[in-house]
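**Q** Hey, dropping upload.cif in here, mmCIF, C-alpha atoms:
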data_my_file
#
loop_
_atom_site.label_atom_id
_atom_site.label_comp_id
_atom_site.auth_asym_id
_atom_site.auth_seq_id
_atom_site.Cartn_x
_atom_site.Cartn_y
_atom_site.Cartn_z
CA MET W 1 -27.15 11.10 -62.92
CA LYS W 2 -26.68 9.93 -66.51
CA GLU W 3 -23.24 8.53 -65.66
CA LYS W 4 -24.70 6.55 -62.75
CA LEU W 5 -27.47 5.08 -64.89
CA ILE W 6 -24.96 4.08 -67.58
CA SER W 7 -22.72 2.48 -64.97
CA CYS W 8 -25.67 0.58 -63.53
CA LEU W 9 -26.65 -0.62 -67.02
CA ILE W 10 -23.09 -1.76 -67.75
CA GLY W 11 -23.11 -3.68 -64.49
CA TYR W 12 -26.49 -5.22 -65.27
CA CYS W 13 -25.32 -6.44 -68.67
CA LEU W 14 -22.21 -8.05 -67.17
CA GLY W 15 -24.26 -9.46 -64.30
CA ASN W 16 -26.40 -11.34 -66.82
CA PHE W 17 -23.38 -13.54 -67.50
CA LEU W 18 -23.89 -16.49 -65.14
CA THR W 19 -20.60 -18.30 -64.65
CA ALA W 20 -22.41 -21.29 -63.21
CA GLU W 21 -23.97 -21.95 -66.61
CA LEU W 22 -20.58 -22.43 -68.28
CA VAL W 23 -19.22 -24.46 -65.38
CA ALA W 24 -22.30 -26.69 -65.27
CA LYS W 25 -22.10 -27.30 -69.01
CA LYS W 26 -18.41 -28.22 -68.78
CA TYR W 27 -18.56 -30.45 -65.72
CA ASN W 28 -22.08 -31.88 -65.96
CA GLY W 29 -23.29 -31.27 -69.48
CA THR W 30 -26.41 -29.52 -68.21
CA SER W 31 -27.71 -26.09 -67.25
CA SER W 32 -27.19 -24.96 -63.67
CA SER W 33 -30.99 -24.73 -63.44
CA GLU W 34 -31.10 -28.53 -63.63
CA ILE W 35 -28.72 -29.06 -60.72
CA ASP W 36 -30.28 -29.55 -57.27
CA SER W 37 -31.76 -26.17 -56.19
CA GLY W 38 -31.20 -24.72 -59.66
CA ASN W 39 -29.38 -21.72 -58.20
CA PRO W 40 -26.57 -20.49 -60.50
CA GLY W 41 -24.17 -19.76 -57.66
CA MET W 42 -21.03 -21.11 -56.03
CA ALA W 43 -22.69 -23.03 -53.19
CA ASN W 44 -25.02 -25.07 -55.40
CA ILE W 45 -22.26 -25.84 -57.91
CA MET W 46 -19.67 -26.72 -55.25
CA ILE W 47 -22.01 -28.98 -53.27
CA ASN W 48 -23.15 -30.90 -56.34
CA LEU W 49 -20.21 -30.76 -58.78
CA GLY W 50 -17.18 -30.37 -56.52
CA PHE W 51 -14.67 -27.93 -55.10
CA VAL W 52 -12.99 -26.82 -58.34
CA PRO W 53 -16.24 -26.08 -60.23
CA GLY W 54 -17.44 -24.14 -57.20
CA ILE W 55 -14.29 -22.03 -57.04
CA LEU W 56 -14.44 -21.37 -60.79
CA THR W 57 -18.01 -20.16 -60.38
CA LEU W 58 -16.98 -17.89 -57.52
CA ILE W 59 -14.07 -16.43 -59.49
CA GLY W 60 -16.30 -15.70 -62.49
CA ASP W 61 -19.01 -14.04 -60.41
CA VAL W 62 -16.49 -11.90 -58.54
CA ALA W 63 -14.69 -11.00 -61.77
CA LYS W 64 -17.78 -9.71 -63.57
CA CYS W 65 -18.58 -7.36 -60.69
CA VAL W 66 -15.00 -6.10 -60.45
CA ILE W 67 -14.82 -5.57 -64.22
CA ALA W 68 -18.07 -3.60 -64.18
CA MET W 69 -16.76 -1.35 -61.41
CA LEU W 70 -13.45 -0.79 -63.20
CA ILE W 71 -15.20 0.05 -66.48
CA ALA W 72 -17.36 2.63 -64.71
CA ARG W 73 -14.28 4.19 -63.10
CA TYR W 74 -12.48 4.25 -66.46
CA LEU W 75 -15.41 5.79 -68.37
CA PHE W 76 -16.15 8.41 -65.73
CA PRO W 77 -12.84 9.26 -64.01
CA GLU W 78 -14.13 12.58 -62.72
CA ALA W 79 -17.27 11.14 -61.14
CA ASP W 80 -17.40 10.53 -57.39
CA LYS W 81 -16.62 7.17 -55.85
CA ASN W 82 -20.28 6.17 -55.89
CA ILE W 83 -20.04 5.58 -59.64
CA MET W 84 -18.30 2.27 -58.94
CA PHE W 85 -20.98 1.22 -56.48
CA TYR W 86 -23.65 1.83 -59.11
CA ALA W 87 -21.82 -0.52 -61.48
CA GLY W 88 -21.48 -3.18 -58.78
CA PHE W 89 -25.12 -2.70 -57.84
CA GLY W 90 -26.12 -3.23 -61.47
CA ALA W 91 -23.96 -6.37 -61.68
CA THR W 92 -25.67 -7.81 -58.62
CA ILE W 93 -29.14 -7.00 -59.99
CA GLY W 94 -28.15 -8.58 -63.30
CA HIS W 95 -26.94 -11.72 -61.52
CA CYS W 96 -30.14 -11.98 -59.47
CA PHE W 97 -32.52 -11.10 -62.31
CA PRO W 98 -30.95 -11.95 -65.70
CA ILE W 99 -33.27 -11.00 -68.53
CA TRP W 100 -32.35 -14.01 -70.69
CA ARG W 101 -33.31 -16.41 -67.90
CA LYS W 102 -36.72 -14.83 -67.33
CA PHE W 103 -35.28 -12.92 -64.37
CA GLN W 104 -34.60 -16.15 -62.46
CA GLY W 105 -30.97 -15.82 -61.37
CA GLY W 106 -28.74 -16.32 -58.38
CA LYS W 107 -28.73 -14.80 -54.93
CA GLY W 108 -25.98 -12.22 -55.53
CA VAL W 109 -23.90 -13.06 -52.45
CA ALA W 110 -20.50 -13.10 -54.15
CA THR W 111 -21.10 -9.93 -56.17
CA THR W 112 -22.40 -8.09 -53.11
CA CYS W 113 -19.49 -9.14 -50.91
CA ILE W 114 -16.80 -8.08 -53.38
CA MET W 115 -18.62 -4.84 -54.28
CA ILE W 116 -18.86 -3.57 -50.70
CA ALA W 117 -15.26 -4.59 -49.99
CA ILE W 118 -14.02 -2.60 -52.99
CA TYR W 119 -16.13 0.43 -52.14
CA SER W 120 -15.05 0.52 -48.49
CA PHE W 121 -12.45 -2.02 -47.48
CA LEU W 122 -12.99 -1.45 -43.76
CA TRP W 123 -16.78 -1.61 -43.61
CA GLY W 124 -16.98 -4.11 -46.44
CA ALA W 125 -14.63 -6.43 -44.56
CA VAL W 126 -16.64 -5.98 -41.36
CA ALA W 127 -19.88 -6.81 -43.20
CA ASP W 128 -18.40 -9.82 -45.01
CA ILE W 129 -16.83 -11.18 -41.83
CA ALA W 130 -20.16 -10.79 -40.05
CA GLY W 131 -21.74 -13.01 -42.70
CA ALA W 132 -18.96 -15.58 -42.34
CA ILE W 133 -19.39 -15.64 -38.57
CA VAL W 134 -23.11 -16.32 -38.96
CA VAL W 135 -22.29 -19.33 -41.17
CA LEU W 136 -19.68 -20.68 -38.75
CA ILE W 137 -21.95 -20.33 -35.74
CA THR W 138 -25.24 -21.53 -37.22
CA GLN W 139 -23.93 -23.71 -40.10
CA TYR W 140 -26.80 -22.38 -42.23
CA LEU W 141 -25.41 -20.85 -45.43
CA ASN W 142 -28.69 -19.14 -46.29
CA LEU W 143 -28.77 -17.20 -43.03
CA ALA W 144 -25.54 -15.45 -43.97
CA GLY W 145 -26.61 -14.15 -47.40
CA PRO W 146 -28.59 -11.10 -46.22
CA VAL W 147 -26.08 -10.20 -43.49
CA PRO W 148 -23.34 -8.36 -45.48
CA PRO W 149 -25.69 -5.88 -47.25
CA LEU W 150 -27.57 -5.28 -43.99
CA VAL W 151 -24.44 -4.58 -41.96
CA PHE W 152 -23.01 -2.44 -44.76
CA ALA W 153 -26.25 -0.45 -45.09
CA ILE W 154 -26.20 0.29 -41.36
CA ALA W 155 -22.55 1.37 -41.56
CA MET W 156 -23.21 3.65 -44.53
CA PHE W 157 -26.19 5.26 -42.79
CA ALA W 158 -23.96 5.80 -39.74
CA ILE W 159 -21.30 7.63 -41.76
CA LYS W 160 -24.00 9.52 -43.72
CA ASP W 161 -23.27 7.96 -47.12
CA TYR W 162 -27.00 7.83 -47.71
CA GLU W 163 -26.99 7.07 -51.43
CA VAL W 164 -24.95 3.91 -50.98
CA ALA W 165 -26.84 3.07 -47.79
CA VAL W 166 -30.15 3.02 -49.66
CA MET W 167 -28.76 0.81 -52.43
CA SER W 168 -27.29 -1.54 -49.83
CA ALA W 169 -30.66 -1.68 -48.09
CA ILE W 170 -32.27 -2.62 -51.42
CA LEU W 171 -29.72 -5.42 -51.84
CA PHE W 172 -30.54 -6.60 -48.33
CA VAL W 173 -34.24 -6.83 -49.20
CA ILE W 174 -33.42 -8.74 -52.40
CA ALA W 175 -31.07 -11.11 -50.54
CA LEU W 176 -33.67 -11.69 -47.84
CA ALA W 177 -36.33 -12.48 -50.45
CA LYS W 178 -33.98 -14.82 -52.31
CA HIS W 179 -33.04 -16.69 -49.12
CA TRP W 180 -36.45 -16.54 -47.42
CA PRO W 181 -37.73 -20.02 -48.41
CA PHE W 182 -34.53 -21.56 -47.05
CA ILE W 183 -34.62 -19.45 -43.89
CA MET W 184 -38.19 -20.59 -43.25
CA GLY W 185 -37.00 -24.13 -43.90
CA ILE W 186 -34.83 -23.90 -40.80
CA PHE W 187 -37.94 -23.86 -38.63
CA ASP W 188 -39.57 -26.87 -40.30
CA HIS W 189 -36.22 -28.71 -40.56
CA THR W 190 -36.09 -28.87 -44.36
CA THR W 191 -32.99 -26.68 -44.69
CA GLU W 192 -29.81 -28.63 -44.09
CA LYS W 193 -26.80 -27.42 -42.16
CA THR W 194 -23.38 -27.11 -43.82
CA ASP W 195 -20.30 -27.79 -41.74
CA VAL W 196 -17.91 -25.46 -43.59
CA ILE W 197 -14.92 -26.09 -41.31
CA GLY W 198 -15.54 -29.82 -41.40
CA ALA W 199 -15.73 -29.80 -45.19
CA ILE W 200 -12.43 -27.90 -45.45
CA ARG W 201 -10.74 -30.30 -43.04
CA LYS W 202 -12.06 -33.26 -45.00
CA LYS W 203 -10.71 -31.79 -48.23
CA LEU W 204 -7.28 -31.11 -46.68
CA ASN W 205 -7.07 -34.60 -45.17
CA LYS W 206 -8.00 -36.10 -48.53
CA ASN W 207 -5.20 -34.14 -50.22
CA ARG W 208 -2.71 -35.22 -47.56
CA THR W 209 -3.71 -38.85 -48.07
CA LYS W 210 -3.13 -38.52 -51.81
CA ASP W 211 0.31 -36.93 -51.27
CA ALA W 212 1.27 -39.69 -48.87
#
In structure tokens, how does this file's structure come out?
**A**
Amino acid sequence: MKEKLISCLIGYCLGNFLTAELVAKKYNGTSSSEIDSGNPGMANIMINLGFVPGILTLIGDVAKCVIAMLIARYLFPEADKNIMFYAGFGATIGHCFPIWRKFQGGKGVATTCIMIAIYSFLWGAVADIAGAIVVLITQYLNLAGPVPPLVFAIAMFAIKDYEVAVMSAILFVIALAKHWPFIMGIFDHTTEKTDVIGAIRKKLNKNRTKDA
């Protein structure tokens, strides 16, 4: 149990590093908390600062979770596979509730998606794809956030990996709470849709025009 707690703590410390803060400072000269929704995540940065800043934010958030999981595996090579999930879980909690930001962090979508994919490529991919499908069908980004941890929790319960299933369920509750105001905004028409495919096509057409 001590190894799992240490791994979780390592993940939490790394999760406190919010990539969006660095990106926002570089590209806008401000804190990510001062940009639109104030969320230190890829979507908020990409929508308001551009494609490249958004991708850089995504890469940083994914990297800190992967690094935490690798450190846990390196420190405790004889521990079971769950040790890596504890580190990823801690990284997600750290991202969502960073102590230096008065526990006001991001939504943990990127860290959750990469963590479950590393732990179980099959079920992680299924869960992540389910979230992507929700976005493509509804065009509401905030509806997709709670989907991956929910689907993954169900899968883990089904295969009797109860420890990971419980942690995934906790991440689902956190994701739901983080996205809840925006989900409720769908019903009173204050949450805007995002045409992901359309945005990608627009970006590609713009690049083609430049090349021409």
**Q** Using only C-alpha atoms, which residues sit within 9 Å of Ile154 (chain W) once same-chain residues fewer than 6 positions away are excluded, as a PyMOL selection string?
**A** chain W and resi 165+168-169
**Q** Give me the residues within 10 Å of Leu176 (chain W) as a PyMOL selection string, counting only C-alpha atoms and dropping any in the same chain fewer than 6 places off.
**A** chain W and resi 107+142-147+149-150+170+182-183
**Q** Between CA of Val135 (chain W) and CA of Lys26 (chain W), what is the distance in Å, rounded to a tenth?
**A**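 Straight-line distance from CA of Val135 (chain W) to CA of Lys26 (chain W) works out to 29.3 Å.
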**Q** Identify which of the residues W:Asp61, W:Asp161, W:Glu34, W:Glu78 lies closest to Cys113 (chain W), counting all atoms listed in the file when measuring atom-to-atom distances.
**A**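 Among the listed residues, W:Asp61 lies closest to Cys113 (chain W).
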**Q** CA of Tyr86 (chain W) and CA of Cys8 (chain W) are how many Å apart?
**A** 5.0 Å
**Q** Need the shell around Leu18 (chain W): protein/DNA/RNA residues with any atom at most 10 Å away, counting all atoms listed in the file. Skip same-chain ones fewer than 6 positions apart. Format as a ChimeraX atom specification?
**A** /W:32,40-41,57,60-61,64,94-96,98,101,105-106
**Q** Which residue is closest to Leu141 (chain W)? Choose from W:Ala177, W:Leu14, W:Met1, W:Ala43 and count all atoms listed in the file.
**A**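 Checking each candidate against Leu141 (chain W), we get W:Ala43 as the closest.
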**Q** I'd like the residues picked by the PyMOL selection byres ((chain W and resi 191) around 12) written out as number ranges by chain, using the chain letters and numbers from the file.
**A** W: 37, 138-143, 179-190, 192-194
**Q** Write out the residues from the selection above, keeping C-alpha atoms, as a short mmCIF file (atom, residue, chain, number, x, y, z; two decimals), in the coordinates of the input.
**A**
data_model
loop_
_atom_site.label_atom_id
_atom_site.label_comp_id
_atom_site.auth_asym_id
_atom_site.auth_seq_id
_atom_site.Cartn_x
_atom_site.Cartn_y
_atom_site.Cartn_z
CA SER W 37 -31.76 -26.17 -56.19
CA THR W 138 -25.24 -21.53 -37.22
CA GLN W 139 -23.93 -23.71 -40.10
CA TYR W 140 -26.80 -22.38 -42.23
CA LEU W 141 -25.41 -20.85 -45.43
CA ASN W 142 -28.69 -19.14 -46.29
CA LEU W 143 -28.77 -17.20 -43.03
CA HIS W 179 -33.04 -16.69 -49.12
CA TRP W 180 -36.45 -16.54 -47.42
CA PRO W 181 -37.73 -20.02 -48.41
CA PHE W 182 -34.53 -21.56 -47.05
CA ILE W 183 -34.62 -19.45 -43.89
CA MET W 184 -38.19 -20.59 -43.25
CA GLY W 185 -37.00 -24.13 -43.90
CA ILE W 186 -34.83 -23.90 -40.80
CA PHE W 187 -37.94 -23.86 -38.63
CA ASP W 188 -39.57 -26.87 -40.30
CA HIS W 189 -36.22 -28.71 -40.56
CA THR W 190 -36.09 -28.87 -44.36
CA GLU W 192 -29.81 -28.63 -44.09
CA LYS W 193 -26.80 -27.42 -42.16
CA THR W 194 -23.38 -27.11 -43.82
#
**Q** Kindly provide, as a count of residues only, the polymer residues lying within 12 Å of (-25.9, 1.1, -45.0), counting all atoms listed in the file and using the coordinates exactly as they appear in the file.
**A** 31
**Q** Determine the nearest neighbour of Gln104 (chain W) from the options W:Asn39, W:Gly11, W:Leu5, W:Ala175, counting only C-alpha atoms.
**A** W:Asn39
**Q** Please indicate the distance in Å from CA of Asn28 (chain W) to CA of Gly15 (chain W), rounded to one decimal place.
**A**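 Pair CA of Asn28 (chain W) / CA of Gly15 (chain W) returns 22.6 Å.
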**Q** Pick from W:Ile6, W:Leu22, W:Ile99, W:Asp36: nearest to Met69 (chain W), with all atoms listed in the file counted?
**A**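 Of the candidates, the smallest distance to Met69 (chain W) is held by W:Ile6.
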**Q** My list of candidates is W:Val126, W:Cys13, W:Val23, W:Leu49. Which is closest to Gly90 (chain W) when distances are computed with only C-alpha atoms?
**A**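 Checking each candidate against Gly90 (chain W), we get W:Cys13 as the closest.
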**Q** From the options W:Thr19, W:Ser7, W:Thr92, W:Thr30, which residue's atoms come nearest to Gly54 (chain W), counting all atoms listed in the file?
**A**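 Among W:Thr19, W:Ser7, W:Thr92, W:Thr30, it is W:Thr19 that comes nearest to Gly54 (chain W).
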**Q** Report as number ranges by chain the full result of the PyMOL selection byres ((chain W and resi 70-75) around 8) when it is applied to this structure.
**A** W: 7, 10, 66-69, 76-77, 79, 83-84, 87
**Q** Since the input is missing atoms, can you rebuild N, CA and C atoms for region 5-36 of chain W and write them as a PDB file, in the frame of the given file?
**A**
ATOM      1  N   LEU W   5     -26.558   5.989 -64.201  1.00  0.00           N
ATOM      2  CA  LEU W   5     -27.470   5.080 -64.890  1.00  0.00           C
ATOM      3  C   LEU W   5     -26.719   4.221 -65.902  1.00  0.00           C
ATOM      4  N   ILE W   6     -25.766   4.833 -66.610  1.00  0.00           N
ATOM      5  CA  ILE W   6     -24.960   4.080 -67.580  1.00  0.00           C
ATOM      6  C   ILE W   6     -24.124   3.028 -66.858  1.00  0.00           C
ATOM      7  N   SER W   7     -23.536   3.419 -65.744  1.00  0.00           N
ATOM      8  CA  SER W   7     -22.720   2.480 -64.970  1.00  0.00           C
ATOM      9  C   SER W   7     -23.555   1.318 -64.464  1.00  0.00           C
ATOM     10  N   CYS W   8     -24.763   1.621 -64.022  1.00  0.00           N
ATOM     11  CA  CYS W   8     -25.670   0.580 -63.530  1.00  0.00           C
ATOM     12  C   CYS W   8     -26.055  -0.366 -64.664  1.00  0.00           C
ATOM     13  N   LEU W   9     -26.289   0.189 -65.863  1.00  0.00           N
ATOM     14  CA  LEU W   9     -26.650  -0.620 -67.020  1.00  0.00           C
ATOM     15  C   LEU W   9     -25.496  -1.518 -67.447  1.00  0.00           C
ATOM     16  N   ILE W  10     -24.279  -0.964 -67.429  1.00  0.00           N
ATOM     17  CA  ILE W  10     -23.090  -1.760 -67.750  1.00  0.00           C
ATOM     18  C   ILE W  10     -22.985  -2.939 -66.781  1.00  0.00           C
ATOM     19  N   GLY W  11     -23.169  -2.635 -65.497  1.00  0.00           N
ATOM     20  CA  GLY W  11     -23.110  -3.680 -64.490  1.00  0.00           C
ATOM     21  C   GLY W  11     -24.185  -4.732 -64.712  1.00  0.00           C
ATOM     22  N   TYR W  12     -25.390  -4.278 -65.052  1.00  0.00           N
ATOM     23  CA  TYR W  12     -26.490  -5.220 -65.270  1.00  0.00           C
ATOM     24  C   TYR W  12     -26.181  -6.166 -66.428  1.00  0.00           C
ATOM     25  N   CYS W  13     -25.652  -5.615 -67.503  1.00  0.00           N
ATOM     26  CA  CYS W  13     -25.320  -6.440 -68.670  1.00  0.00           C
ATOM     27  C   CYS W  13     -24.273  -7.497 -68.311  1.00  0.00           C
ATOM     28  N   LEU W  14     -23.244  -7.099 -67.577  1.00  0.00           N
ATOM     29  CA  LEU W  14     -22.210  -8.050 -67.170  1.00  0.00           C
ATOM     30  C   LEU W  14     -22.773  -9.047 -66.160  1.00  0.00           C
ATOM     31  N   GLY W  15     -23.663  -8.578 -65.294  1.00  0.00           N
ATOM     32  CA  GLY W  15     -24.260  -9.460 -64.300  1.00  0.00           C
ATOM     33  C   GLY W  15     -25.096 -10.562 -64.916  1.00  0.00           C
ATOM     34  N   ASN W  16     -25.609 -10.323 -66.122  1.00  0.00           N
ATOM     35  CA  ASN W  16     -26.400 -11.340 -66.820  1.00  0.00           C
ATOM     36  C   ASN W  16     -25.574 -12.562 -67.209  1.00  0.00           C
ATOM     37  N   PHE W  17     -24.258 -12.399 -67.203  1.00  0.00           N
ATOM     38  CA  PHE W  17     -23.380 -13.540 -67.500  1.00  0.00           C
ATOM     39  C   PHE W  17     -23.289 -14.409 -66.246  1.00  0.00           C
ATOM     40  N   LEU W  18     -23.885 -15.584 -66.289  1.00  0.00           N
ATOM     41  CA  LEU W  18     -23.890 -16.490 -65.140  1.00  0.00           C
ATOM     42  C   LEU W  18     -22.793 -17.537 -65.311  1.00  0.00           C
ATOM     43  N   THR W  19     -21.738 -17.389 -64.553  1.00  0.00           N
ATOM     44  CA  THR W  19     -20.600 -18.300 -64.650  1.00  0.00           C
ATOM     45  C   THR W  19     -21.013 -19.741 -64.423  1.00  0.00           C
ATOM     46  N   ALA W  20     -21.965 -19.942 -63.533  1.00  0.00           N
ATOM     47  CA  ALA W  20     -22.410 -21.290 -63.210  1.00  0.00           C
ATOM     48  C   ALA W  20     -22.929 -22.042 -64.438  1.00  0.00           C
ATOM     49  N   GLU W  21     -23.467 -21.302 -65.408  1.00  0.00           N
ATOM     50  CA  GLU W  21     -23.970 -21.950 -66.610  1.00  0.00           C
ATOM     51  C   GLU W  21     -22.830 -22.604 -67.391  1.00  0.00           C
ATOM     52  N   LEU W  22     -21.736 -21.878 -67.563  1.00  0.00           N
ATOM     53  CA  LEU W  22     -20.580 -22.430 -68.280  1.00  0.00           C
ATOM     54  C   LEU W  22     -19.977 -23.599 -67.515  1.00  0.00           C
ATOM     55  N   VAL W  23     -19.827 -23.421 -66.210  1.00  0.00           N
ATOM     56  CA  VAL W  23     -19.220 -24.460 -65.380  1.00  0.00           C
ATOM     57  C   VAL W  23     -20.079 -25.722 -65.381  1.00  0.00           C
ATOM     58  N   ALA W  24     -21.393 -25.543 -65.264  1.00  0.00           N
ATOM     59  CA  ALA W  24     -22.300 -26.690 -65.270  1.00  0.00           C
ATOM     60  C   ALA W  24     -22.255 -27.434 -66.598  1.00  0.00           C
ATOM     61  N   LYS W  25     -22.183 -26.676 -67.689  1.00  0.00           N
ATOM     62  CA  LYS W  25     -22.100 -27.300 -69.010  1.00  0.00           C
ATOM     63  C   LYS W  25     -20.820 -28.117 -69.150  1.00  0.00           C
ATOM     64  N   LYS W  26     -19.711 -27.559 -68.642  1.00  0.00           N
ATOM     65  CA  LYS W  26     -18.410 -28.220 -68.780  1.00  0.00           C
ATOM     66  C   LYS W  26     -18.316 -29.471 -67.911  1.00  0.00           C
ATOM     67  N   TYR W  27     -18.758 -29.361 -66.676  1.00  0.00           N
ATOM     68  CA  TYR W  27     -18.560 -30.450 -65.720  1.00  0.00           C
ATOM     69  C   TYR W  27     -19.734 -31.419 -65.625  1.00  0.00           C
ATOM     70  N   ASN W  28     -20.917 -31.005 -66.104  1.00  0.00           N
ATOM     71  CA  ASN W  28     -22.080 -31.880 -65.960  1.00  0.00           C
ATOM     72  C   ASN W  28     -22.901 -32.024 -67.234  1.00  0.00           C
ATOM     73  N   GLY W  29     -22.582 -31.185 -68.221  1.00  0.00           N
ATOM     74  CA  GLY W  29     -23.290 -31.270 -69.480  1.00  0.00           C
ATOM     75  C   GLY W  29     -24.722 -30.779 -69.426  1.00  0.00           C
ATOM     76  N   THR W  30     -25.050 -30.026 -68.366  1.00  0.00           N
ATOM     77  CA  THR W  30     -26.410 -29.520 -68.210  1.00  0.00           C
ATOM     78  C   THR W  30     -26.390 -28.049 -67.806  1.00  0.00           C
ATOM     79  N   SER W  31     -27.579 -27.457 -67.749  1.00  0.00           N
ATOM     80  CA  SER W  31     -27.710 -26.090 -67.250  1.00  0.00           C
ATOM     81  C   SER W  31     -27.674 -26.124 -65.730  1.00  0.00           C
ATOM     82  N   SER W  32     -27.221 -25.044 -65.139  1.00  0.00           N
ATOM     83  CA  SER W  32     -27.190 -24.960 -63.670  1.00  0.00           C
ATOM     84  C   SER W  32     -28.607 -25.038 -63.100  1.00  0.00           C
ATOM     85  N   SER W  33     -29.597 -24.675 -63.895  1.00  0.00           N
ATOM     86  CA  SER W  33     -30.990 -24.730 -63.440  1.00  0.00           C
ATOM     87  C   SER W  33     -31.467 -26.159 -63.215  1.00  0.00           C
ATOM     88  N   GLU W  34     -30.724 -27.133 -63.766  1.00  0.00           N
ATOM     89  CA  GLU W  34     -31.100 -28.530 -63.630  1.00  0.00           C
ATOM     90  C   GLU W  34     -30.332 -29.234 -62.514  1.00  0.00           C
ATOM     91  N   ILE W  35     -29.525 -28.470 -61.783  1.00  0.00           N
ATOM     92  CA  ILE W  35     -28.720 -29.060 -60.720  1.00  0.00           C
ATOM     93  C   ILE W  35     -29.290 -28.704 -59.354  1.00  0.00           C
ATOM     94  N   ASP W  36     -29.771 -29.684 -58.640  1.00  0.00           N
ATOM     95  CA  ASP W  36     -30.280 -29.550 -57.270  1.00  0.00           C
ATOM     96  C   ASP W  36     -31.267 -28.378 -57.143  1.00  0.00           C
TER      97      ASP W  36
END
